[in-house]
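Data block below; observations after.
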Amino acid sequence: MNLEQLLEDKYGYRSFRTGQKEIISEVLNGRDVLALLPTGMGKSLCYQLPGHVLPGSVLIVSPLLSLMQDQVAQLKKMGEKSVVAINSFLKAEEKEQIWQAIGDYRFIFISPEMLLQPQVIRRLQRITIALVVADEAHCISQWGFDFRPDYLRIAEVLPALGAPQVLALTATATKKVEQDIRHYLQLDDPVIYIHPMDRKNIAYDLKNFRDGEEKREWLLAFAETYEGPGIVYAGTRRKAEELAGILTDNGLPAAFYHGGMEQQDRIFIQQQFQNGEINWVCSTNAFGMGIHVPNVRHVIHFQIPTAIEEFVQEVGRAGRDGLPALATLLMAPGDEKLMQALLIDELPTRHEIEAVASDSAGRVDLVEAGIVRETSYRVIRYWLGRMTPEQTIVQIERLAEDKLMRAASMTGLAESGKCLRAYILGYFDQQLQEHPENCCLWCGIDYEPYPLRTTESEESESLHWQQRLSRLLP
DNA sequence: CGTGCGGATGCTAACATCCGCACGGTGCCTTAGT
């Protein structure tokens with residue numbers, strides 16, 4: 001089969017990007033594949049193209065509803081009609097209609113939680129699933145153990161679906177994440193494709209401050225000096241709002257974004273950022289997946305992230321256009337303590353585990369009564385289904401240790417005093433081939449490539465007039 | 001670690017002030033009964 005011809009017929013591209021052809025060929029050879037491709041390297045084509053060749057539907061397991069909707073819209077825009085997302089956005093009748101004709105859809109998007117529902121499995125059993133895709137597969141490792149346990153259960157469904165082949169796609173994976181993906185998706189002798197993950201156009205900077213006040217002053221001065229767009233990652237929702245407030249108070253086009261907002265507001269901010277109407281988004285780690293803004297110049301971490309994996313994911317949203325981008329990590333004494341406390345507090349407690357274990361009737365009253373938190377309840381139920389309460393407690397303790405170790409690797413980066421790029425690549429078991437010209441603060445950073453803010457003083461003055469006028473008028 | 005909230009305090013009626021303590025990120029899925 002001529003893949004290039006197919007690519008041109010279906011998508012109008014003349015040639016594949018690095019890695020795409022290898023991955024697609026292996027999928028078409030019937031192999032399980034785990035592909036590590038950096039963000040923006042055309043991951044979705046790796047299942048879209050096989051979807052036109054394979055004898056059956058492609059089932060894509062996706063972490064976010066917004067991501068699904070986005071991908072469905074994108075496929076439809078490209079002329080692909082037989083696409084659907086099965087999720088809680090659908091009304092009962094819509095859902096029924098889709099199920100009636102489910103075999104007609106070439107691409108079916110679904111969340112792990114929805115996929116695990118028995119009636120969903122029964123419906124999917126009636127059709128031929130040729131390929132199951134785990135999109136953003138690092139979520140298995142990142143979320144499965146203590147947040148969204150259904151992520152660990154995807155493989156349970158596969159036998160019922162006729163044991164289709166599996167393609168796992170992600171941008172960031174340590175050896176541990178890779179192993180988790182292989183194990184929990186039960187990949188069968190998979191082909192592993194690893195693309196070098198170094199992003200040469202991103203320089204890594206680090207600033208030490210005495211306290212948060214100094215950080216705030218620096219952030220404001222930076223945003224007033226340099227042109228965005230940029231993302232500022234804060235540790236908490238409140239902090240994200242506070243930082244956005246500082247920027248907007250000083251006339252900068254900024255907004256905050258976090259998981260506590262209404263879905264509509266979140267979509268609105270995303271769109272404004274994508275249209276360039278907002279220059280700075282101050283957010284928690286909720287912001288990022290599914291954001292396609294190629295020209296993000298700056299990613300600033302106001303507070304230290306909980307792991308290098310997270311840091312790299314977030315930093316990777318900069319400079320997708322290939323132009324120079326800058327990642328800046330702001331540090332102050334005590335920062336790591338806050339994040340450590342946060343990491344551990346959110347895990348199920350011994351008390352919660354014992355409460356769920358002794359509640360043999362399996363009632364959800366514990367959550368209603370405020371004895372067990374909602375997420376804890378589901379996580380505990382997952383583990384109790386597989387081990388004793390005592391083993392579950394040990395399991396959660398191990399998770400806490402693991403999280404603290406990963407957090408320590410992040411502080412290690414901040415304190416190493418050596419090339420940050422080399423440290424990061426080393427963490428992912430990759431070797432730095434060559435230091436780019438703009439590498440990191442230890443190798444030296446030239447700030448000249450980062451465009452300065454164009455002071456549109458006249459424009460802002462006229463805006464002032466408009467504002468004053470609007471205040472005078474009723 | 002930093003912050004914000006609720007309750008106690010101090011003393012006789014409303015309110016300022018202090019202290020202890022909980023909380024902090026990430027998202028699917030909710031099919032009851034007016």
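Residues are named by chain letter and number: chains run A, B, ... in the order of the structure tokens, numbers start at 1 in each chain, and ligands are numbered from 1 in the order shown.
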
Please, which residues of chain A lie no more than 8 Å from chain B when the count uses only C-alpha atoms (C1' of nucleotides), and can they be set out as JSON, numbers by chain? {"A": [64, 88, 111, 112, 113, 114, 143, 148, 235, 236, 259, 284, 285, 286, 334, 335, 337, 338, 342]}

Give me the residues near A:Gln165 as a VMD selection string, where near means some atom within 7 Å (using only C-alpha atoms (C1' of nucleotides)) and where sequence neighbours in that chain fewer than 4 positions away do not count. chain A and resid 30 to 32 130 to 132

For the structure I just gave you, how does DSSP split stretch 62-310 of chain A - specifically, which residues are alpha helix (DSSP H)? Reply as an NGL selection string. :A and (65-77 or 92-100 or 112-115 or 118-125 or 138-143 or 154-157 or 175-184 or 212-225 or 237-249 or 263-274 or 308-310)

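Of the listed residues A:Glu227, A:Asp321, A:Asp198, A:Glu96, the one whose atoms come nearest to A:Leu432 is A:Asp198, with distances taken using only C-alpha atoms.
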
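Within stretch 126-202 of chain A, the backbone-based DSSP assignment of strand (DSSP E or B) covers Ile129, Ala130, Leu131, Val132, Val133, Ala134, Gln165, Val166, Leu167, Ala168, Leu169, Thr170, Val191, Ile192, Tyr193, Ile194 and Ile202 of chain A.
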
Distance query stretch 365-376 of chain A at most 9 Å, only C-alpha atoms (C1' of nucleotides), self and fewer than 4 positions along chain excluded, as a short mmCIF file (atom, residue, chain, number, x, y, z; two decimals) with C-alpha atoms, in the first residue's frame:
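Result written to out_2.cif:
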data_model
loop_
_atom_site.label_atom_id
_atom_site.label_comp_id
_atom_site.auth_asym_id
_atom_site.auth_seq_id
_atom_site.Cartn_x
_atom_site.Cartn_y
_atom_site.Cartn_z
CA ASP A 146 -5.18 8.15 42.86
CA PHE A 147 -7.54 10.25 40.80
CA ARG A 148 -9.33 8.48 37.96
CA GLU A 346 -5.17 14.67 48.58
CA LEU A 347 -4.40 10.95 48.91
CA PRO A 348 -6.91 8.72 50.70
CA THR A 349 -6.20 8.53 54.42
CA HIS A 351 -9.16 6.52 58.20
CA GLU A 352 -10.97 6.75 54.86
CA ILE A 353 -9.70 3.35 53.74
CA ALA A 355 -14.26 3.41 56.72
CA VAL A 356 -14.85 2.17 53.16
CA ASP A 359 -18.87 -0.48 54.94
CA ILE A 380 -10.29 3.14 47.56
CA ARG A 381 -12.97 1.01 45.97
#

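Residues surrounding stretch 151-158 of chain A within 6 Å are Pro112, Ile140, Gly144, Arg148, Leu161, Ala163, Tyr184 and Leu185 of chain A [only C-alpha atoms (C1' of nucleotides); sequence separation below 3 positions excluded].
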
Please produce a file of those selected residues containing N, CA, C and O atoms, as a PDB file, in the first residue's frame.
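Saved file out-v5.pdb follows:
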ATOM      1  N   PRO A 112     -12.551   7.031  29.607  1.00  0.00           N
ATOM      2  CA  PRO A 112     -12.390   5.739  30.279  1.00  0.00           C
ATOM      3  C   PRO A 112     -13.609   5.392  31.139  1.00  0.00           C
ATOM      4  O   PRO A 112     -14.047   4.236  31.149  1.00  0.00           O
ATOM      5  N   ILE A 140      -2.733   7.428  32.216  1.00  0.00           N
ATOM      6  CA  ILE A 140      -2.854   6.149  32.919  1.00  0.00           C
ATOM      7  C   ILE A 140      -2.015   6.184  34.187  1.00  0.00           C
ATOM      8  O   ILE A 140      -2.481   5.860  35.280  1.00  0.00           O
ATOM      9  N   GLY A 144      -4.328   7.464  37.025  1.00  0.00           N
ATOM     10  CA  GLY A 144      -4.974   6.197  37.326  1.00  0.00           C
ATOM     11  C   GLY A 144      -4.922   5.785  38.787  1.00  0.00           C
ATOM     12  O   GLY A 144      -5.903   5.290  39.333  1.00  0.00           O
ATOM     13  N   ARG A 148      -8.319   9.043  38.847  1.00  0.00           N
ATOM     14  CA  ARG A 148      -9.333   8.476  37.957  1.00  0.00           C
ATOM     15  C   ARG A 148      -9.014   7.005  37.737  1.00  0.00           C
ATOM     16  O   ARG A 148      -8.448   6.638  36.712  1.00  0.00           O
ATOM     17  N   LEU A 161     -14.185  -6.746  23.420  1.00  0.00           N
ATOM     18  CA  LEU A 161     -14.238  -6.063  22.125  1.00  0.00           C
ATOM     19  C   LEU A 161     -13.514  -6.866  21.053  1.00  0.00           C
ATOM     20  O   LEU A 161     -13.215  -6.343  19.973  1.00  0.00           O
ATOM     21  N   ALA A 163     -10.446  -8.288  21.473  1.00  0.00           N
ATOM     22  CA  ALA A 163      -8.996  -8.085  21.613  1.00  0.00           C
ATOM     23  C   ALA A 163      -8.383  -7.326  20.441  1.00  0.00           C
ATOM     24  O   ALA A 163      -7.483  -7.826  19.750  1.00  0.00           O
ATOM     25  N   TYR A 184      -0.773  -1.647  32.176  1.00  0.00           N
ATOM     26  CA  TYR A 184      -2.209  -1.431  32.378  1.00  0.00           C
ATOM     27  C   TYR A 184      -3.009  -1.475  31.078  1.00  0.00           C
ATOM     28  O   TYR A 184      -4.218  -1.667  31.104  1.00  0.00           O
ATOM     29  N   LEU A 185      -2.345  -1.305  29.929  1.00  0.00           N
ATOM     30  CA  LEU A 185      -3.053  -1.526  28.654  1.00  0.00           C
ATOM     31  C   LEU A 185      -2.813  -2.950  28.154  1.00  0.00           C
ATOM     32  O   LEU A 185      -3.365  -3.349  27.139  1.00  0.00           O
TER      33      LEU A 185
END

Can you tell me, as an MDAnalysis selection string, what residues are no more than 12 Å from A:Gln97 when counting only C-alpha atoms (C1' of nucleotides), ignoring any on the same chain fewer than 6 positions away? chainID A and resid 84 86 90:91 103:104
